[in-house]
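Trainee: As input, take work05.cif (mmCIF, C-alpha atoms and all ligand atoms):
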data_data
#
loop_
_atom_site.label_atom_id
_atom_site.label_comp_id
_atom_site.auth_asym_id
_atom_site.auth_seq_id
_atom_site.Cartn_x
_atom_site.Cartn_y
_atom_site.Cartn_z
CA MET G 194 -83.75 194.03 10.38
CA GLN G 195 -81.55 191.90 8.14
CA SER G 196 -80.04 189.24 10.37
CA ARG G 197 -77.36 187.90 8.03
CA THR G 198 -74.02 189.67 8.23
CA VAL G 199 -72.73 190.91 4.90
CA TYR G 200 -68.98 191.06 4.33
CA THR G 201 -66.66 192.04 1.50
CA VAL G 202 -64.77 188.99 0.24
CA PHE G 203 -62.37 188.30 -2.61
CA PRO G 204 -63.52 186.35 -5.70
CA GLU G 205 -65.20 183.00 -4.98
CA GLY G 206 -65.63 183.99 -1.36
CA LYS G 207 -61.91 183.82 -0.53
CA VAL G 208 -60.46 185.98 2.25
CA LYS G 209 -56.78 185.65 1.28
CA ALA G 210 -55.03 187.32 -1.65
CA LEU G 211 -51.40 187.17 -2.75
CA THR G 212 -49.62 189.63 -5.00
CA LEU G 213 -46.02 190.46 -5.91
CA SER G 214 -44.30 193.55 -7.30
CA TYR G 215 -40.92 193.64 -9.06
CA ASP G 216 -39.09 196.72 -10.28
CA ASP G 217 -36.84 197.93 -13.09
CA GLY G 218 -37.45 195.34 -15.83
CA ARG G 219 -34.08 193.66 -15.64
CA ASP G 220 -33.20 190.54 -17.64
CA GLU G 221 -33.69 188.35 -14.56
CA ASP G 222 -37.44 189.10 -14.80
CA ARG G 223 -37.56 186.34 -17.43
CA ARG G 224 -36.56 183.69 -14.91
CA LEU G 225 -38.82 185.20 -12.24
CA VAL G 226 -41.82 185.25 -14.57
CA SER G 227 -41.27 181.58 -15.41
CA ILE G 228 -41.31 180.71 -11.68
CA PHE G 229 -44.50 182.72 -11.19
CA ARG G 230 -46.17 181.07 -14.20
CA GLU G 231 -45.20 177.58 -13.10
CA HIS G 232 -46.85 178.12 -9.70
CA GLY G 233 -49.82 180.25 -10.72
CA LEU G 234 -48.56 183.41 -9.00
CA ARG G 235 -49.61 186.82 -10.33
CA ALA G 236 -47.48 189.94 -10.16
CA THR G 237 -46.91 193.53 -11.23
CA PHE G 238 -43.75 194.68 -13.00
CA ASN G 239 -42.75 198.33 -12.66
CA LEU G 240 -40.90 199.51 -15.74
CA ASN G 241 -38.92 202.59 -16.84
CA SER G 242 -39.64 203.35 -20.49
CA GLY G 243 -36.58 205.63 -20.77
CA GLN G 244 -34.01 203.10 -19.62
CA SER G 245 -34.98 199.85 -21.29
CA GLU G 246 -33.34 200.77 -24.60
CA THR G 247 -30.10 202.23 -23.20
CA ASP G 248 -29.34 199.76 -20.41
CA PRO G 249 -28.29 196.36 -21.80
CA ARG G 250 -29.19 194.69 -18.51
CA ARG G 251 -32.86 195.47 -19.10
CA ILE G 252 -35.43 193.67 -21.24
CA PRO G 253 -36.03 195.62 -24.48
CA GLN G 254 -39.50 197.06 -25.04
CA SER G 255 -40.03 194.92 -28.12
CA GLU G 256 -40.18 191.88 -25.79
CA TRP G 257 -42.32 193.32 -22.98
CA ASN G 258 -45.70 192.08 -24.21
CA GLU G 259 -44.39 188.54 -24.55
CA VAL G 260 -42.32 188.43 -21.35
CA TYR G 261 -44.98 190.04 -19.16
CA SER G 262 -48.05 188.46 -20.76
CA GLY G 263 -50.66 187.78 -18.08
CA PHE G 264 -49.03 190.15 -15.60
CA GLU G 265 -49.51 193.87 -14.91
CA ILE G 266 -47.07 196.36 -16.39
CA ALA G 267 -46.99 199.47 -14.18
CA SER G 268 -45.12 202.77 -14.25
CA HIS G 269 -41.84 203.41 -12.46
CA THR G 270 -41.24 206.80 -14.21
CA VAL G 271 -39.32 207.33 -17.47
CA THR G 272 -35.80 207.68 -16.00
CA HIS G 273 -36.04 206.52 -12.33
CA PRO G 274 -35.24 209.81 -10.51
CA SER G 275 -35.67 210.24 -6.74
CA ILE G 276 -38.80 212.31 -7.34
CA ASP G 277 -39.18 213.77 -3.85
CA ARG G 278 -36.30 216.12 -4.77
CA CYS G 279 -37.70 217.13 -8.18
CA PRO G 280 -40.01 220.00 -9.21
CA LEU G 281 -43.62 218.83 -9.44
CA PRO G 282 -44.07 219.63 -13.18
CA TYR G 283 -41.04 217.44 -13.85
CA VAL G 284 -42.50 214.64 -11.71
CA ALA G 285 -45.77 214.90 -13.62
CA GLU G 286 -43.94 214.63 -16.93
CA GLU G 287 -41.89 211.63 -15.74
CA ILE G 288 -45.09 209.77 -14.91
CA ILE G 289 -47.34 210.89 -17.79
CA GLU G 290 -44.66 210.25 -20.41
CA ASP G 291 -43.97 206.83 -18.91
CA ARG G 292 -47.68 206.01 -19.00
CA LYS G 293 -47.87 207.02 -22.66
CA ALA G 294 -44.87 204.88 -23.59
CA LEU G 295 -46.09 201.85 -21.60
CA GLU G 296 -49.63 202.16 -22.92
CA ALA G 297 -48.38 202.32 -26.52
CA ILE G 298 -46.93 198.86 -25.85
CA THR G 299 -49.54 197.25 -23.58
CA GLY G 300 -52.72 198.63 -25.15
CA TYR G 301 -54.36 199.04 -21.72
CA PRO G 302 -54.48 202.02 -19.34
CA VAL G 303 -51.43 201.86 -17.06
CA ARG G 304 -52.62 202.97 -13.61
CA GLY G 305 -50.13 201.29 -11.28
CA PHE G 306 -47.04 203.01 -9.96
CA ALA G 307 -43.98 202.22 -7.85
CA TYR G 308 -42.01 205.18 -6.44
CA PRO G 309 -38.42 205.05 -7.80
CA ASN G 310 -35.99 204.50 -4.92
CA GLY G 311 -39.07 204.52 -2.68
CA CYS G 312 -39.08 208.34 -2.64
CA PHE G 313 -42.37 210.19 -2.32
CA SER G 314 -43.96 213.22 -0.68
CA GLN G 315 -47.48 214.34 0.17
CA GLU G 316 -47.36 216.73 -2.82
CA ILE G 317 -46.56 213.85 -5.17
CA ILE G 318 -49.30 211.69 -3.68
CA SER G 319 -51.77 214.53 -4.22
CA LEU G 320 -50.69 214.71 -7.86
CA LEU G 321 -51.09 211.02 -8.70
CA PRO G 322 -54.89 210.76 -9.14
CA ALA G 323 -54.80 213.58 -11.70
CA LEU G 324 -52.09 211.68 -13.57
CA GLY G 325 -54.40 208.65 -13.81
CA ILE G 326 -52.49 206.64 -11.22
CA ARG G 327 -54.58 204.50 -8.83
CA TYR G 328 -51.92 203.31 -6.39
CA GLY G 329 -48.30 203.95 -5.45
CA ARG G 330 -46.11 201.25 -3.94
CA ILE G 331 -43.58 202.44 -1.40
CA VAL G 332 -40.64 200.39 -0.05
CA GLY G 333 -40.10 198.71 3.31
CA ASN G 334 -41.78 195.84 5.14
CA SER G 335 -45.09 196.02 6.98
CA ASP G 336 -44.92 192.38 8.20
CA SER G 337 -48.70 192.67 7.97
CA PHE G 338 -51.47 191.11 5.88
CA ALA G 339 -53.82 194.08 6.27
CA ILE G 340 -55.50 195.79 3.33
CA PRO G 341 -53.78 199.20 2.97
CA ASP G 342 -55.65 202.24 4.29
CA ASP G 343 -54.11 204.36 1.54
CA PHE G 344 -53.31 202.77 -1.81
CA TYR G 345 -50.95 205.69 -2.56
CA ARG G 346 -48.74 204.54 0.34
CA TRP G 347 -49.00 200.84 -0.38
CA LYS G 348 -46.32 199.07 1.63
CA ALA G 349 -45.61 195.39 0.98
CA THR G 350 -45.74 192.71 3.63
CA CYS G 351 -42.06 192.16 2.94
CA HIS G 352 -39.17 192.40 0.55
CA HIS G 353 -38.22 188.86 -0.47
CA ASN G 354 -35.04 189.15 1.63
CA HIS G 355 -37.03 190.01 4.77
CA ARG G 356 -38.70 187.11 6.60
CA LEU G 357 -40.30 185.80 3.41
CA ILE G 358 -40.72 182.20 4.51
CA GLU G 359 -41.79 183.17 8.04
CA ASN G 360 -44.38 185.56 6.65
CA ALA G 361 -45.58 182.95 4.16
CA GLU G 362 -45.96 180.34 6.90
CA ALA G 363 -47.98 182.80 8.99
CA PHE G 364 -50.14 183.73 5.98
CA LEU G 365 -50.80 180.14 4.95
CA SER G 366 -51.70 179.10 8.48
CA ILE G 367 -54.46 181.70 8.86
CA ASP G 368 -57.70 179.75 9.07
CA ASN G 369 -60.27 182.34 10.07
CA THR G 370 -62.51 184.60 8.00
CA ARG G 371 -62.67 187.53 10.41
CA HIS G 372 -60.71 189.78 8.06
CA LEU G 373 -59.44 190.03 4.53
CA PHE G 374 -55.76 189.06 4.38
CA LEU G 375 -53.29 190.25 1.76
CA MET G 376 -49.73 189.03 1.42
CA TYR G 377 -47.60 191.31 -0.76
CA VAL G 378 -43.97 190.60 -1.72
CA TRP G 379 -41.68 193.03 -3.54
CA GLY G 380 -38.12 193.25 -4.79
CA HIS G 381 -35.89 193.28 -7.87
CA SER G 382 -35.25 190.11 -9.85
CA PHE G 383 -31.54 190.91 -10.23
CA GLU G 384 -31.21 190.58 -6.44
CA PHE G 385 -31.73 186.80 -6.73
CA SER G 386 -28.69 186.53 -9.03
CA ARG G 387 -26.66 189.00 -6.97
CA ASP G 388 -27.46 187.22 -3.71
CA GLY G 389 -27.39 183.69 -5.14
CA ASN G 390 -30.80 182.89 -3.64
CA TRP G 391 -33.13 181.97 -6.48
CA GLU G 392 -34.05 178.92 -4.41
CA LEU G 393 -35.73 181.28 -1.91
CA MET G 394 -38.30 182.34 -4.50
CA GLU G 395 -38.64 178.75 -5.75
CA ARG G 396 -39.38 177.64 -2.21
CA PHE G 397 -41.86 180.45 -1.62
CA ALA G 398 -43.65 179.73 -4.89
CA ASP G 399 -43.84 176.03 -4.01
CA MET G 400 -45.37 176.87 -0.63
CA ALA G 401 -47.70 179.67 -1.61
CA GLY G 402 -48.69 178.87 -5.21
CA GLY G 403 -51.58 176.77 -6.49
CA ARG G 404 -53.78 176.89 -3.39
CA ASP G 405 -57.57 176.93 -3.58
CA ASP G 406 -58.03 179.36 -0.70
CA ILE G 407 -55.87 182.16 -2.17
CA TRP G 408 -56.79 184.70 -4.84
CA TYR G 409 -53.70 185.33 -6.98
CA ALA G 410 -53.89 188.82 -8.47
CA THR G 411 -51.84 191.69 -9.79
CA ASN G 412 -51.65 194.92 -7.77
CA ILE G 413 -54.18 196.77 -9.95
CA GLU G 414 -56.60 193.83 -9.89
CA ILE G 415 -56.68 194.05 -6.09
CA ALA G 416 -57.14 197.84 -6.08
CA ASP G 417 -59.84 197.64 -8.78
CA TYR G 418 -61.63 194.78 -7.07
CA LEU G 419 -61.78 196.57 -3.71
CA ASP G 420 -62.88 199.78 -5.45
CA ALA G 421 -65.70 197.84 -7.14
CA SER G 422 -66.63 196.28 -3.78
CA ARG G 423 -66.96 199.74 -2.27
CA ARG G 424 -69.23 200.81 -5.12
CA LEU G 425 -71.82 198.11 -4.42
CA ILE G 426 -75.22 199.65 -3.72
CA PHE G 427 -77.24 197.77 -1.11
CA ALA G 428 -80.96 197.80 -0.47
CA ALA G 429 -81.79 199.41 2.88
CA ASP G 430 -82.53 195.99 4.38
CA CYS G 431 -79.58 194.34 2.53
CA SER G 432 -81.99 191.92 0.83
CA PHE G 433 -80.51 192.74 -2.57
CA VAL G 434 -77.51 194.56 -3.97
CA TYR G 435 -76.68 196.29 -7.26
CA ASN G 436 -73.18 196.14 -8.75
CA PRO G 437 -72.67 199.21 -10.98
CA SER G 438 -69.14 198.16 -12.01
CA ALA G 439 -68.16 196.11 -15.06
CA ILE G 440 -66.35 193.44 -13.04
CA SER G 441 -68.06 190.82 -10.89
CA VAL G 442 -67.82 191.26 -7.15
CA TRP G 443 -68.33 188.69 -4.40
CA ILE G 444 -69.74 189.21 -0.95
CA SER G 445 -70.36 186.86 1.93
CA SER G 446 -73.96 186.89 3.14
CA GLY G 447 -74.62 184.90 6.29
CA GLY G 448 -71.40 183.03 5.63
CA GLU G 449 -72.33 182.08 2.05
CA PRO G 450 -70.40 183.53 -0.91
CA VAL G 451 -72.56 185.37 -3.43
CA MET G 452 -71.35 186.61 -6.80
CA ILE G 453 -72.83 189.85 -8.08
CA PRO G 454 -72.05 190.01 -11.81
CA GLY G 455 -71.03 193.37 -13.24
CA GLY G 456 -74.04 195.58 -13.97
CA GLU G 457 -76.50 193.24 -12.24
CA THR G 458 -78.64 193.09 -9.12
CA ALA G 459 -78.42 190.01 -6.89
CA LYS G 460 -80.72 188.81 -4.11
CA LEU G 461 -79.09 188.07 -0.77
ZN ZN X 501 -36.50 200.94 -9.31
#
Could I get this file's structure written as structure tokens?

Mentor:
Amino acid sequence: MQSRTVYTVFPEGKVKALTLSYDDGRDEDRRLVSIFREHGLRATFNLNSGQSETDPRRIPQSEWNEVYSGFEIASHTVTHPSIDRCPLPYVAEEIIEDRKALEAITGYPVRGFAYPNGCFSQEIISLLPALGIRYGRIVGNSDSFAIPDDFYRWKATCHHNHRLIENAEAFLSIDNTRHLFLMYVWGHSFEFSRDGNWELMERFADMAGGRDDIWYATNIEIADYLDASRRLIFAADCSFVYNPSAISVWISSGGEPVMIPGGETAKL
């Protein structure tokens, strides 16, 4: 009997991860991105390929690669309809056509999704894997740091206007390794200009950025990492483990972090 307990951990043995998600690709994303970059935060930006060229408040597609470099670009449908009221073939087209347009710009498979206006249904969720979508972010506040049970109903810890600093203080003060902890913040960058509270995000980034015990990741990096963790193949006695994925995965074995490089077998 293997006596050492084996746990899933984030890269470098961390148990905390932080991610953010901002919608609609408005001009204010430029300022938000510069705050994130300055503090080492990572985020996902959910963009509508059909509205960027007609709405002057949005960043034009020709600038997306530069503005969002180092961040995840994810789908938010072509035209931002409330898709729970739309026929399913139309929903499929809104997502597939958005993926095609975003991928023509990014050059990588776009597998993240945020439901426009937060609207979804079980039928739409059932459709998403076939459309190549790995997760769907809903709206609302969980006030929780738990890993989501269902990545197609991924609810953030909080909108930035809902207990952001309180949630950050609680997250930063966690000092146990009994669970994995994920803090997830969402919103729209134009809200900071509308509400006159850019200093809220500055303060949060000051508090939560640049810390050694937090893994800063985009939404898809977290989903992909946890998927790769679940694909690890352990020896019956847990004395070694094979990682069939391309990305490296970390586990904790008897309290010690162990990296299992992609495609390799590691002794525990
Ligand atoms: Zn939106």

Trainee: Name the residues, by chain letter and number, that sit within 8 Å of ligand ZN 501 (chain X) using only C-alpha atoms and all ligand atoms, and give them as number ranges by chain.

Mentor: G: 216-217, 239-240, 269, 273, 307-311, 381

Trainee: Would you mind reading off the distance between atom CA of Leu321 of chain G and atom CA of Ser214 of chain G, one decimal, in Å?

Mentor: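 We find that atom CA of Leu321 of chain G and atom CA of Ser214 of chain G lie 18.8 Å from each other.
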
Trainee: For a quick check of your reading of the model, name the residues lying within 7 Å of the coordinate (-47.9, 192.8, -13.9), counting only C-alpha atoms, and write them as a list in words.

Mentor: Ala236, Thr237, Phe238, Tyr261, Phe264, Glu265, Ile266, Ala267 and Thr411 of chain G

Trainee: State, in Å with one decimal place, the distance from atom CA of Lys460 of chain G to atom CA of Val199 of chain G.

Mentor: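 Straight-line distance from atom CA of Lys460 of chain G to atom CA of Val199 of chain G works out to 12.2 Å.
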
Trainee: Can you build me a table of segment 343-378 of chain G residues sitting at most 7 Å from segment 326-330 of chain G, with the closest atom pair per residue and its distance in Å to one decimal, using all atoms listed in the file, sorted by chain and residue number, as a tab-separated table?

Mentor:
residue	atom	partner	partner_atom	distance
G:Phe344	CA	G:Tyr328	CA	4.8
G:Tyr345	CA	G:Gly329	CA	4.3
G:Arg346	CA	G:Gly329	CA	5.8
G:Trp347	CA	G:Arg330	CA	4.6
G:Lys348	CA	G:Arg330	CA	6.0

Trainee: Just the selected residues (C-alpha atoms), exported as a compact mmCIF listing (two decimals), in the coordinates of the input, please.

Mentor:
# COMPACT_ATOMS: atom_id res chain seq x y z
CA PHE G 344 -53.31 202.77 -1.81
CA TYR G 345 -50.95 205.69 -2.56
CA ARG G 346 -48.74 204.54 0.34
CA TRP G 347 -49.00 200.84 -0.38
CA LYS G 348 -46.32 199.07 1.63

Trainee: Which of these, G:Ala416, G:Leu373, G:Val303, G:Leu320, has the shortest distance to Asp343 of chain G once you count all atoms listed in the file?

Mentor: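 Using all atoms listed in the file, Asp343 of chain G sits closest to G:Ala416.
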
Trainee: Could you produce a table of the residues of segment 259-352 of chain G lying within 9 Å of segment 251-254 of chain G, with the nearest pair of atoms per residue and their separation in Å rounded to one decimal, using only C-alpha atoms, ordered by chain and increasing residue number, as CSV?

Mentor:
residue,atom,partner,partner_atom,distance
G:Val260,CA,G:Ile252,CA,8.7
G:Leu295,CA,G:Gln254,CA,8.8
G:Ile298,CA,G:Gln254,CA,7.7

Trainee: Using Å and a single decimal, report how far atom CA of Arg235 of chain G sits from atom CA of Gly263 of chain G.

Mentor: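 Distance between the two atoms: 7.9 Å.
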
Trainee: Which of these, G:Asp342, G:Glu359, G:Asp368, G:Glu290, has the shortest distance to Met400 of chain G once you count all atoms listed in the file?

Mentor: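 Among the listed residues, G:Glu359 lies closest to Met400 of chain G.
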
Trainee: With all atoms listed in the file as the atoms that count, which of G:Cys431, G:Ala439, G:Ala410, G:Ile444 lies nearest to Thr212 of chain G?

Mentor: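 Once distances to Thr212 of chain G are computed over all atoms listed in the file, the minimum belongs to G:Ala410.
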
Trainee: Residues near Leu324 of chain G, anyone? I mean within 12 Å using only C-alpha atoms, not counting same-chain ones fewer than 6 positions away, as a PyMOL selection string.

Mentor: chain G and resi 268+270+281-282+284-293+302-306+317-318

Trainee: Of the candidates G:Val202, G:Arg387, G:Leu211, G:Tyr435, which shows the shortest atom-to-atom distance to Phe338 of chain G, using only C-alpha atoms?

Mentor: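 Ranking G:Val202, G:Arg387, G:Leu211, G:Tyr435 by distance to Phe338 of chain G, first place goes to G:Leu211.
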